[in-house]
Amino acid sequence: MLRSYGPTPQNLTLFDEYVAAAVDRAKVEPIKLATPLLEAMVSHVESKAPGSMLIAGTAGDGKTYHCRALWTRLGGEPKAWAAKGNVKELQLADGRLAVFIKDLSEFRGESSDLPLLRLEKSVLEGDDSEIVILAANHGQVLDRLRDLGERHGGRHPLRTPLQECFLQAGPAPDRLAVFDLSRTTTRKTFEEVAKAVAGHPQWSNCSSCTLNADGRICPIDENRRRLLGEADGGQLAGRLGDLLEIARLNGLHLPVRDLLALCSNMVLGYADAKEAKENLMTCADVAQIQEAGHVSKACIYANAFGANLPKRRAFDGPVFKAMAAFGVGEETTNGADGLLVYGKDDARLQADFARLVASDPIYGATPDYLAAQDDYLEGYEGARLEVGAAAFMEMLEDQRRRLYFTLPDDEPSYLRWAMTVYRFAGDYLGIISTLAKKTQVNEAVRARIAKGLNRVMTGLLLENADRIFIASSGGFTQSRVSVLCDHETTARRQQGTGMAIKLNPMTGRPFLEVQLAAGETNKVDFDLTPIRHEFLSRVAEGALPASFSNECLEDLLAFKAKLLRKAEIVRRNGVRDDDEVGGEDSAITLDFIDIEPGGRGLVRPVTVRAPA
């Protein structure tokens, strides 16, 4: 049953309409997942609010799952729901007829307009005899409304408000309650899915299984226990949640269906398709795997990144593509690789090796890994060549992935975020946490952001972290090097001006708010996504802007252009002390940015006079 949720070529059981039938055939309890919006839906129906309801989201968000749960809560029979037909009707106690439309995409041809016409009658024509409960993907409902409007010679009145509701979190149309499931998926969703999969009651049968007896390790049960967090207090799931949260805050939406595929692969994944069909284990495969001594090929830490799957199949799944983007296993530090390669033999590292690697004989210091390590360090010359070392390099990547999940938080010599492409992601999540608690952002983090801003906006290696220079080259705002300071402000909000770091409650992301003068109209905001924060932090640490991300650089230069325009407006509305009006000579003062020997920038005004 669980294998069907995994990243296999056919995933029919990932669709709700197949789940109930599959569960019934297998005679097991279904995987029960949270329905975060169900109570709100029930309350809406029971409030007798006029109009209808739209359950929206992307593929795999659980629209039909919520629809079925609502049907049951309102008194509908499960057998009636499972019967053929995409439209189900239920008479409510208040006299209304609840019309459930399981999936708008199932309607094609001449019948495709029927659900929307029924929705129109309730929402636009004020018919309160029915409440239509429609489940549909964002794009599908907008496309159907567009086509319907064009066939009637105009724009459908529901299309624009729904589009704004989906894309900009605007208000729902009158008489239509919109429940958007794509906004409910967070790290908490993953933790709930992981507990539902790893904590399923049916796993209790493993305790009496012979594959778990006499000192044998069943990789399926071992992975299940690790995902459940029995030994590490939930650290594995928490750190995986960190990665998924960074992906979400970068704008990637991972529906529940993908999270189920991830958890299924973590428990059942296996690196050799010859020993486990489609790289997913079944109980029938375990005895052979144990006999061959290949339990380590089921490493849950590699499975979390889809490393057990062929690259093409892994990248077909958005969740594994997102996980691979973090580079865990490929990114590393000298300290981590020194520990993994030399730690067993180096007296200075042996204690750390015993504590962090050898303490895990199943996926850490396995016999295969130790043998490959010895061949690499002391064996024949071919073991050090590219071809001969390939097997050890693959094992080394898996060990780096394991370290990311298992390193203690207070391990200064081996920093887990340094083993990803998002080396400053821990600070980014820290910003969100402190802002949510309404406490001050760490000063070192704020200073690094300010330094990165200064270096991008001036193109100079400035060390200033207390002030922000809004600079230009004298006319071209997109210039990479700008030495003329148009405006200068503080890196911390003081007396109503300067930079503040705030939290956007709608997106959950922090943003920079630079206030150039008093008044709501004199500020410019910048959405601080994880990748933009990483960009600014890397630049502050000495990386060249163009070597990291051209997209981020363009975003920052667009922010700079907005600041320059706002600075010009502020300057026009104010009167500077050095302004001279009238007289025989005309003069202009230019503020040049000079760099002191220590790298600190300062503004030097230069007055240029020209004959009248």
# chains A, B, ... in the order shown; residues from 1 in each chain; ligands from 1
>>> residues_around(residues="segment 520-523 of chain A", least_positions_apart="6", cutoff="9 Å", atoms="only C-alpha atoms", output="list in words")
Thr497, Glu513, Val514, Leu563, Lys566, Ala567, Ile569 and Val570 of chain A
>>> write_last_selection(atoms="N, CA and C atoms", output="tab-separated table (two decimals), in the first residue's frame")
chain	number	residue	atom	x	y	z
A	497	THR	N	13.34	57.05	10.11
A	497	THR	CA	13.99	56.79	8.81
A	497	THR	C	15.03	55.67	8.97
A	513	GLU	N	12.39	47.23	4.49
A	513	GLU	CA	11.65	48.47	4.29
A	513	GLU	C	12.60	49.63	4.54
A	514	VAL	N	12.94	50.34	3.50
A	514	VAL	CA	13.87	51.47	3.59
A	514	VAL	C	13.07	52.76	3.55
A	563	LEU	N	14.88	52.97	-5.23
A	563	LEU	CA	15.41	53.81	-4.16
A	563	LEU	C	15.91	55.15	-4.72
A	566	LYS	N	12.93	57.30	-5.51
A	566	LYS	CA	12.35	57.80	-4.27
A	566	LYS	C	13.24	58.87	-3.64
A	567	ALA	N	14.55	58.68	-3.71
A	567	ALA	CA	15.49	59.68	-3.16
A	567	ALA	C	15.36	61.01	-3.90
A	569	ILE	N	12.62	62.15	-5.33
A	569	ILE	CA	11.37	62.77	-4.89
A	569	ILE	C	11.55	63.42	-3.53
A	570	VAL	N	12.23	62.71	-2.61
A	570	VAL	CA	12.48	63.26	-1.27
A	570	VAL	C	13.33	64.53	-1.36
>>> atom_distance(atom1="atom CA of Asn223 of chain A", atom2="atom CA of Val267 of chain A")
5.0 Å
>>> closest_residue(among="A:Ala436, A:Ala314, A:Val483, A:Leu564", to="Asp594 of chain A", atoms="only C-alpha atoms")
A:Val483
>>> atom_distance(atom1="atom CA of Thr332 of chain A", atom2="atom CA of Met395 of chain A")
13.7 Å
>>> residues_around(residues="segment 66-72 of chain A", least_positions_apart="5", cutoff="12 Å", atoms="only C-alpha atoms", output="ChimeraX atom specification")
/A:16-17,19-20,32-46,53-57,60-61,77-82,86-92,98-103,132-136,179-181
>>> write_last_selection(atoms="N, CA and C atoms", output="compact mmCIF listing (two decimals), in the first residue's frame")
# COMPACT_ATOMS: atom_id res chain seq x y z
N ASP A 16 -7.39 10.45 -4.94
CA ASP A 16 -8.32 10.09 -3.88
C ASP A 16 -9.34 9.05 -4.32
N GLU A 17 -9.79 9.13 -5.58
CA GLU A 17 -10.83 8.22 -6.01
C GLU A 17 -10.34 6.77 -6.08
N VAL A 19 -7.83 5.71 -3.85
CA VAL A 19 -7.35 5.36 -2.52
C VAL A 19 -8.35 4.51 -1.77
N ALA A 20 -9.62 4.93 -1.74
CA ALA A 20 -10.63 4.20 -0.98
C ALA A 20 -10.75 2.76 -1.46
N LYS A 32 -4.29 8.48 7.33
CA LYS A 32 -5.17 9.59 7.69
C LYS A 32 -4.36 10.87 7.80
N LEU A 33 -4.70 11.83 6.95
CA LEU A 33 -4.00 13.10 6.93
C LEU A 33 -4.92 14.21 7.45
N ALA A 34 -4.30 15.28 7.90
CA ALA A 34 -5.06 16.41 8.42
C ALA A 34 -5.85 17.07 7.28
N THR A 35 -6.99 17.59 7.63
CA THR A 35 -7.79 18.39 6.70
C THR A 35 -7.88 19.79 7.30
N PRO A 36 -6.86 20.62 7.05
CA PRO A 36 -6.73 21.89 7.77
C PRO A 36 -7.89 22.85 7.59
N LEU A 37 -8.61 22.76 6.48
CA LEU A 37 -9.69 23.70 6.22
C LEU A 37 -11.07 23.09 6.41
N LEU A 38 -11.11 21.83 6.84
CA LEU A 38 -12.41 21.15 6.95
C LEU A 38 -13.34 21.84 7.94
N GLU A 39 -12.82 22.18 9.12
CA GLU A 39 -13.69 22.79 10.13
C GLU A 39 -14.26 24.13 9.64
N ALA A 40 -13.42 24.90 8.93
CA ALA A 40 -13.90 26.17 8.38
C ALA A 40 -14.98 25.93 7.34
N MET A 41 -14.81 24.88 6.54
CA MET A 41 -15.82 24.54 5.53
C MET A 41 -17.14 24.15 6.19
N VAL A 42 -17.04 23.30 7.22
CA VAL A 42 -18.25 22.86 7.92
C VAL A 42 -18.96 24.05 8.55
N SER A 43 -18.18 24.94 9.17
CA SER A 43 -18.76 26.13 9.80
C SER A 43 -19.47 27.01 8.77
N HIS A 44 -18.86 27.12 7.59
CA HIS A 44 -19.47 27.94 6.55
C HIS A 44 -20.82 27.37 6.12
N VAL A 45 -20.87 26.05 5.93
CA VAL A 45 -22.13 25.44 5.52
C VAL A 45 -23.17 25.57 6.63
N GLU A 46 -22.78 25.30 7.87
CA GLU A 46 -23.73 25.36 8.99
C GLU A 46 -24.19 26.78 9.30
N MET A 53 -19.49 27.32 -2.71
CA MET A 53 -18.15 27.13 -2.18
C MET A 53 -17.23 26.58 -3.27
N LEU A 54 -16.00 27.12 -3.32
CA LEU A 54 -14.98 26.63 -4.25
C LEU A 54 -13.80 26.11 -3.44
N ILE A 55 -13.47 24.82 -3.63
CA ILE A 55 -12.29 24.23 -3.01
C ILE A 55 -11.21 24.20 -4.08
N ALA A 56 -10.25 25.10 -3.97
CA ALA A 56 -9.24 25.28 -5.04
C ALA A 56 -7.86 24.83 -4.57
N GLY A 57 -6.97 24.68 -5.54
CA GLY A 57 -5.60 24.29 -5.24
C GLY A 57 -4.93 23.77 -6.49
N GLY A 60 -2.84 17.54 -6.38
CA GLY A 60 -2.22 16.88 -5.24
C GLY A 60 -2.38 17.61 -3.93
N ASP A 61 -3.10 18.73 -3.90
CA ASP A 61 -3.27 19.48 -2.66
C ASP A 61 -4.31 18.86 -1.73
N GLU A 77 -23.22 9.34 2.92
CA GLU A 77 -22.79 7.96 3.08
C GLU A 77 -21.52 7.69 2.25
N PRO A 78 -20.50 7.05 2.85
CA PRO A 78 -19.27 6.74 2.10
C PRO A 78 -19.53 5.90 0.85
N LYS A 79 -20.51 4.97 0.93
CA LYS A 79 -20.80 4.13 -0.24
C LYS A 79 -21.36 4.96 -1.39
N ALA A 80 -22.17 5.94 -1.05
CA ALA A 80 -22.75 6.80 -2.09
C ALA A 80 -21.65 7.63 -2.75
N TRP A 81 -20.68 8.07 -1.96
CA TRP A 81 -19.57 8.83 -2.52
C TRP A 81 -18.72 7.97 -3.44
N ALA A 82 -18.51 6.72 -3.04
CA ALA A 82 -17.65 5.81 -3.83
C ALA A 82 -18.32 5.33 -5.10
N ASN A 86 -19.48 11.87 -10.98
CA ASN A 86 -18.65 12.97 -10.51
C ASN A 86 -19.45 14.02 -9.75
N VAL A 87 -20.78 13.91 -9.77
CA VAL A 87 -21.65 14.85 -9.05
C VAL A 87 -22.43 14.08 -8.00
N LYS A 88 -22.36 14.55 -6.78
CA LYS A 88 -23.09 13.92 -5.67
C LYS A 88 -23.99 14.96 -5.02
N GLU A 89 -25.21 14.57 -4.69
CA GLU A 89 -26.17 15.50 -4.09
C GLU A 89 -26.56 15.01 -2.71
N LEU A 90 -26.67 15.96 -1.78
CA LEU A 90 -27.01 15.64 -0.40
C LEU A 90 -27.98 16.68 0.13
N GLN A 91 -29.13 16.21 0.63
CA GLN A 91 -30.13 17.12 1.18
C GLN A 91 -29.71 17.52 2.60
N LEU A 92 -29.55 18.82 2.82
CA LEU A 92 -29.14 19.32 4.12
C LEU A 92 -30.35 19.53 5.02
N ALA A 98 -27.11 20.25 -1.21
CA ALA A 98 -25.65 20.40 -1.38
C ALA A 98 -25.23 19.60 -2.60
N VAL A 99 -24.66 20.30 -3.57
CA VAL A 99 -24.24 19.67 -4.82
C VAL A 99 -22.71 19.59 -4.83
N PHE A 100 -22.16 18.40 -4.65
CA PHE A 100 -20.71 18.20 -4.63
C PHE A 100 -20.22 17.85 -6.03
N ILE A 101 -19.29 18.64 -6.54
CA ILE A 101 -18.67 18.36 -7.84
C ILE A 101 -17.22 17.99 -7.55
N LYS A 102 -16.90 16.69 -7.64
CA LYS A 102 -15.61 16.17 -7.19
C LYS A 102 -14.43 16.81 -7.89
N ASP A 103 -14.52 16.98 -9.19
CA ASP A 103 -13.37 17.46 -9.96
C ASP A 103 -13.87 18.08 -11.26
N VAL A 132 -23.49 24.87 -4.15
CA VAL A 132 -22.60 24.09 -5.00
C VAL A 132 -21.22 24.06 -4.34
N ILE A 133 -20.66 22.88 -4.18
CA ILE A 133 -19.32 22.70 -3.59
C ILE A 133 -18.45 22.13 -4.70
N LEU A 134 -17.66 22.99 -5.30
CA LEU A 134 -16.89 22.66 -6.50
C LEU A 134 -15.41 22.53 -6.17
N ALA A 135 -14.79 21.42 -6.56
CA ALA A 135 -13.35 21.22 -6.41
C ALA A 135 -12.69 21.41 -7.76
N ALA A 136 -11.67 22.28 -7.83
CA ALA A 136 -11.05 22.57 -9.13
C ALA A 136 -9.65 23.13 -8.94
N PHE A 179 -11.86 28.36 -0.60
CA PHE A 179 -10.92 27.69 0.30
C PHE A 179 -9.74 27.22 -0.56
N ASP A 180 -8.62 27.94 -0.46
CA ASP A 180 -7.46 27.67 -1.30
C ASP A 180 -6.47 26.79 -0.55
N LEU A 181 -6.41 25.51 -0.92
CA LEU A 181 -5.55 24.56 -0.22
C LEU A 181 -4.07 24.78 -0.51
>>> closest_residue(among="A:Lys311, A:Ser413, A:Asp272, A:His200", to="Leu349 of chain A", atoms="only C-alpha atoms")
A:Ser413
>>> closest_atom_pairs(of="segment 507-593 of chain A", to="segment 442-455 of chain A", cutoff="10 Å", atoms="only C-alpha atoms", output="tab-separated table")
residue	atom	partner	partner_atom	distance
A:Leu512	CA	A:Ile449	CA	9.6
A:His533	CA	A:Ile449	CA	7.5
A:Glu534	CA	A:Ile449	CA	9.4
A:Phe535	CA	A:Gly452	CA	8.1
A:Leu536	CA	A:Gly452	CA	4.6
A:Ser537	CA	A:Arg448	CA	6.0
A:Arg538	CA	A:Gly452	CA	7.7
A:Val539	CA	A:Gly452	CA	5.4
A:Ala540	CA	A:Gly452	CA	4.3
A:Glu541	CA	A:Arg448	CA	8.0
A:Gly542	CA	A:Gly452	CA	9.1
A:Ala543	CA	A:Gly452	CA	9.8
A:Leu544	CA	A:Arg455	CA	9.5
A:Pro545	CA	A:Arg455	CA	8.8
A:Leu556	CA	A:Leu453	CA	8.1
A:Leu557	CA	A:Leu453	CA	10.0
A:Lys560	CA	A:Leu453	CA	9.1
>>> write_last_selection(atoms="N, CA, C and O atoms", output="PDB file, in the first residue's frame")
ATOM      1  N   LEU A 512      12.633  43.934   3.441  1.00  0.00           N
ATOM      2  CA  LEU A 512      13.370  45.127   3.841  1.00  0.00           C
ATOM      3  C   LEU A 512      12.504  46.344   3.536  1.00  0.00           C
ATOM      4  O   LEU A 512      11.971  46.469   2.434  1.00  0.00           O
ATOM      5  N   HIS A 533      18.454  36.585   0.097  1.00  0.00           N
ATOM      6  CA  HIS A 533      19.230  36.720   1.340  1.00  0.00           C
ATOM      7  C   HIS A 533      20.586  36.046   1.188  1.00  0.00           C
ATOM      8  O   HIS A 533      21.608  36.580   1.633  1.00  0.00           O
ATOM      9  N   GLU A 534      20.604  34.876   0.558  1.00  0.00           N
ATOM     10  CA  GLU A 534      21.869  34.179   0.335  1.00  0.00           C
ATOM     11  C   GLU A 534      22.794  35.003  -0.547  1.00  0.00           C
ATOM     12  O   GLU A 534      23.997  35.101  -0.291  1.00  0.00           O
ATOM     13  N   PHE A 535      22.226  35.609  -1.572  1.00  0.00           N
ATOM     14  CA  PHE A 535      22.996  36.454  -2.483  1.00  0.00           C
ATOM     15  C   PHE A 535      23.648  37.616  -1.730  1.00  0.00           C
ATOM     16  O   PHE A 535      24.853  37.860  -1.842  1.00  0.00           O
ATOM     17  N   LEU A 536      22.854  38.355  -0.952  1.00  0.00           N
ATOM     18  CA  LEU A 536      23.394  39.495  -0.194  1.00  0.00           C
ATOM     19  C   LEU A 536      24.456  39.044   0.798  1.00  0.00           C
ATOM     20  O   LEU A 536      25.487  39.711   0.968  1.00  0.00           O
ATOM     21  N   SER A 537      24.225  37.910   1.443  1.00  0.00           N
ATOM     22  CA  SER A 537      25.182  37.415   2.440  1.00  0.00           C
ATOM     23  C   SER A 537      26.479  36.984   1.786  1.00  0.00           C
ATOM     24  O   SER A 537      27.572  37.258   2.309  1.00  0.00           O
ATOM     25  N   ARG A 538      26.380  36.314   0.643  1.00  0.00           N
ATOM     26  CA  ARG A 538      27.608  35.893  -0.062  1.00  0.00           C
ATOM     27  C   ARG A 538      28.397  37.104  -0.541  1.00  0.00           C
ATOM     28  O   ARG A 538      29.625  37.124  -0.461  1.00  0.00           O
ATOM     29  N   VAL A 539      27.684  38.108  -1.059  1.00  0.00           N
ATOM     30  CA  VAL A 539      28.363  39.323  -1.517  1.00  0.00           C
ATOM     31  C   VAL A 539      29.043  40.015  -0.345  1.00  0.00           C
ATOM     32  O   VAL A 539      30.179  40.493  -0.447  1.00  0.00           O
ATOM     33  N   ALA A 540      28.379  40.062   0.796  1.00  0.00           N
ATOM     34  CA  ALA A 540      28.966  40.680   1.988  1.00  0.00           C
ATOM     35  C   ALA A 540      30.219  39.939   2.433  1.00  0.00           C
ATOM     36  O   ALA A 540      31.146  40.550   2.985  1.00  0.00           O
ATOM     37  N   GLU A 541      30.271  38.626   2.168  1.00  0.00           N
ATOM     38  CA  GLU A 541      31.434  37.827   2.565  1.00  0.00           C
ATOM     39  C   GLU A 541      32.535  37.847   1.508  1.00  0.00           C
ATOM     40  O   GLU A 541      33.560  37.209   1.694  1.00  0.00           O
ATOM     41  N   GLY A 542      32.300  38.523   0.385  1.00  0.00           N
ATOM     42  CA  GLY A 542      33.366  38.686  -0.595  1.00  0.00           C
ATOM     43  C   GLY A 542      33.120  38.084  -1.959  1.00  0.00           C
ATOM     44  O   GLY A 542      33.967  38.210  -2.844  1.00  0.00           O
ATOM     45  N   ALA A 543      31.972  37.442  -2.176  1.00  0.00           N
ATOM     46  CA  ALA A 543      31.693  36.868  -3.498  1.00  0.00           C
ATOM     47  C   ALA A 543      31.377  37.973  -4.494  1.00  0.00           C
ATOM     48  O   ALA A 543      30.812  39.010  -4.136  1.00  0.00           O
ATOM     49  N   LEU A 544      31.727  37.756  -5.752  1.00  0.00           N
ATOM     50  CA  LEU A 544      31.388  38.717  -6.794  1.00  0.00           C
ATOM     51  C   LEU A 544      29.918  38.544  -7.159  1.00  0.00           C
ATOM     52  O   LEU A 544      29.451  37.414  -7.346  1.00  0.00           O
ATOM     53  N   PRO A 545      29.151  39.611  -7.263  1.00  0.00           N
ATOM     54  CA  PRO A 545      27.707  39.503  -7.515  1.00  0.00           C
ATOM     55  C   PRO A 545      27.364  38.661  -8.736  1.00  0.00           C
ATOM     56  O   PRO A 545      26.481  37.806  -8.677  1.00  0.00           O
ATOM     57  N   LEU A 556      18.188  43.146  -7.350  1.00  0.00           N
ATOM     58  CA  LEU A 556      18.755  44.162  -6.458  1.00  0.00           C
ATOM     59  C   LEU A 556      18.955  45.484  -7.178  1.00  0.00           C
ATOM     60  O   LEU A 556      18.748  46.561  -6.607  1.00  0.00           O
ATOM     61  N   LEU A 557      19.346  45.421  -8.456  1.00  0.00           N
ATOM     62  CA  LEU A 557      19.518  46.664  -9.217  1.00  0.00           C
ATOM     63  C   LEU A 557      18.163  47.336  -9.474  1.00  0.00           C
ATOM     64  O   LEU A 557      18.080  48.568  -9.516  1.00  0.00           O
ATOM     65  N   LYS A 560      17.450  49.069  -6.335  1.00  0.00           N
ATOM     66  CA  LYS A 560      18.277  50.281  -6.296  1.00  0.00           C
ATOM     67  C   LYS A 560      17.641  51.392  -7.126  1.00  0.00           C
ATOM     68  O   LYS A 560      17.608  52.562  -6.706  1.00  0.00           O
TER      69      LYS A 560
END
>>> residues_around(residues="Glu397 of chain A", least_positions_apart="3", cutoff="12 Å", atoms="only C-alpha atoms", output="VMD selection string")
chain A and resid 299 301 to 302 305 307 327 to 332 336 to 337 340 to 341 364 369 390 to 394 400 to 404 419
>>> atom_distance(atom1="atom CA of Gly75 of chain A", atom2="atom CA of Asp94 of chain A")
12.8 Å
>>> closest_residue(among="A:Phe107, A:Phe190, A:Tyr342, A:Tyr270", to="Val256 of chain A", atoms="only C-alpha atoms")
A:Phe190
>>> select_by_dssp(residues="segment 66-313 of chain A", states="strand (DSSP E or B)", output="PyMOL selection string")
chain A and resi 87-91+97-101+130-137+176-180+269+280
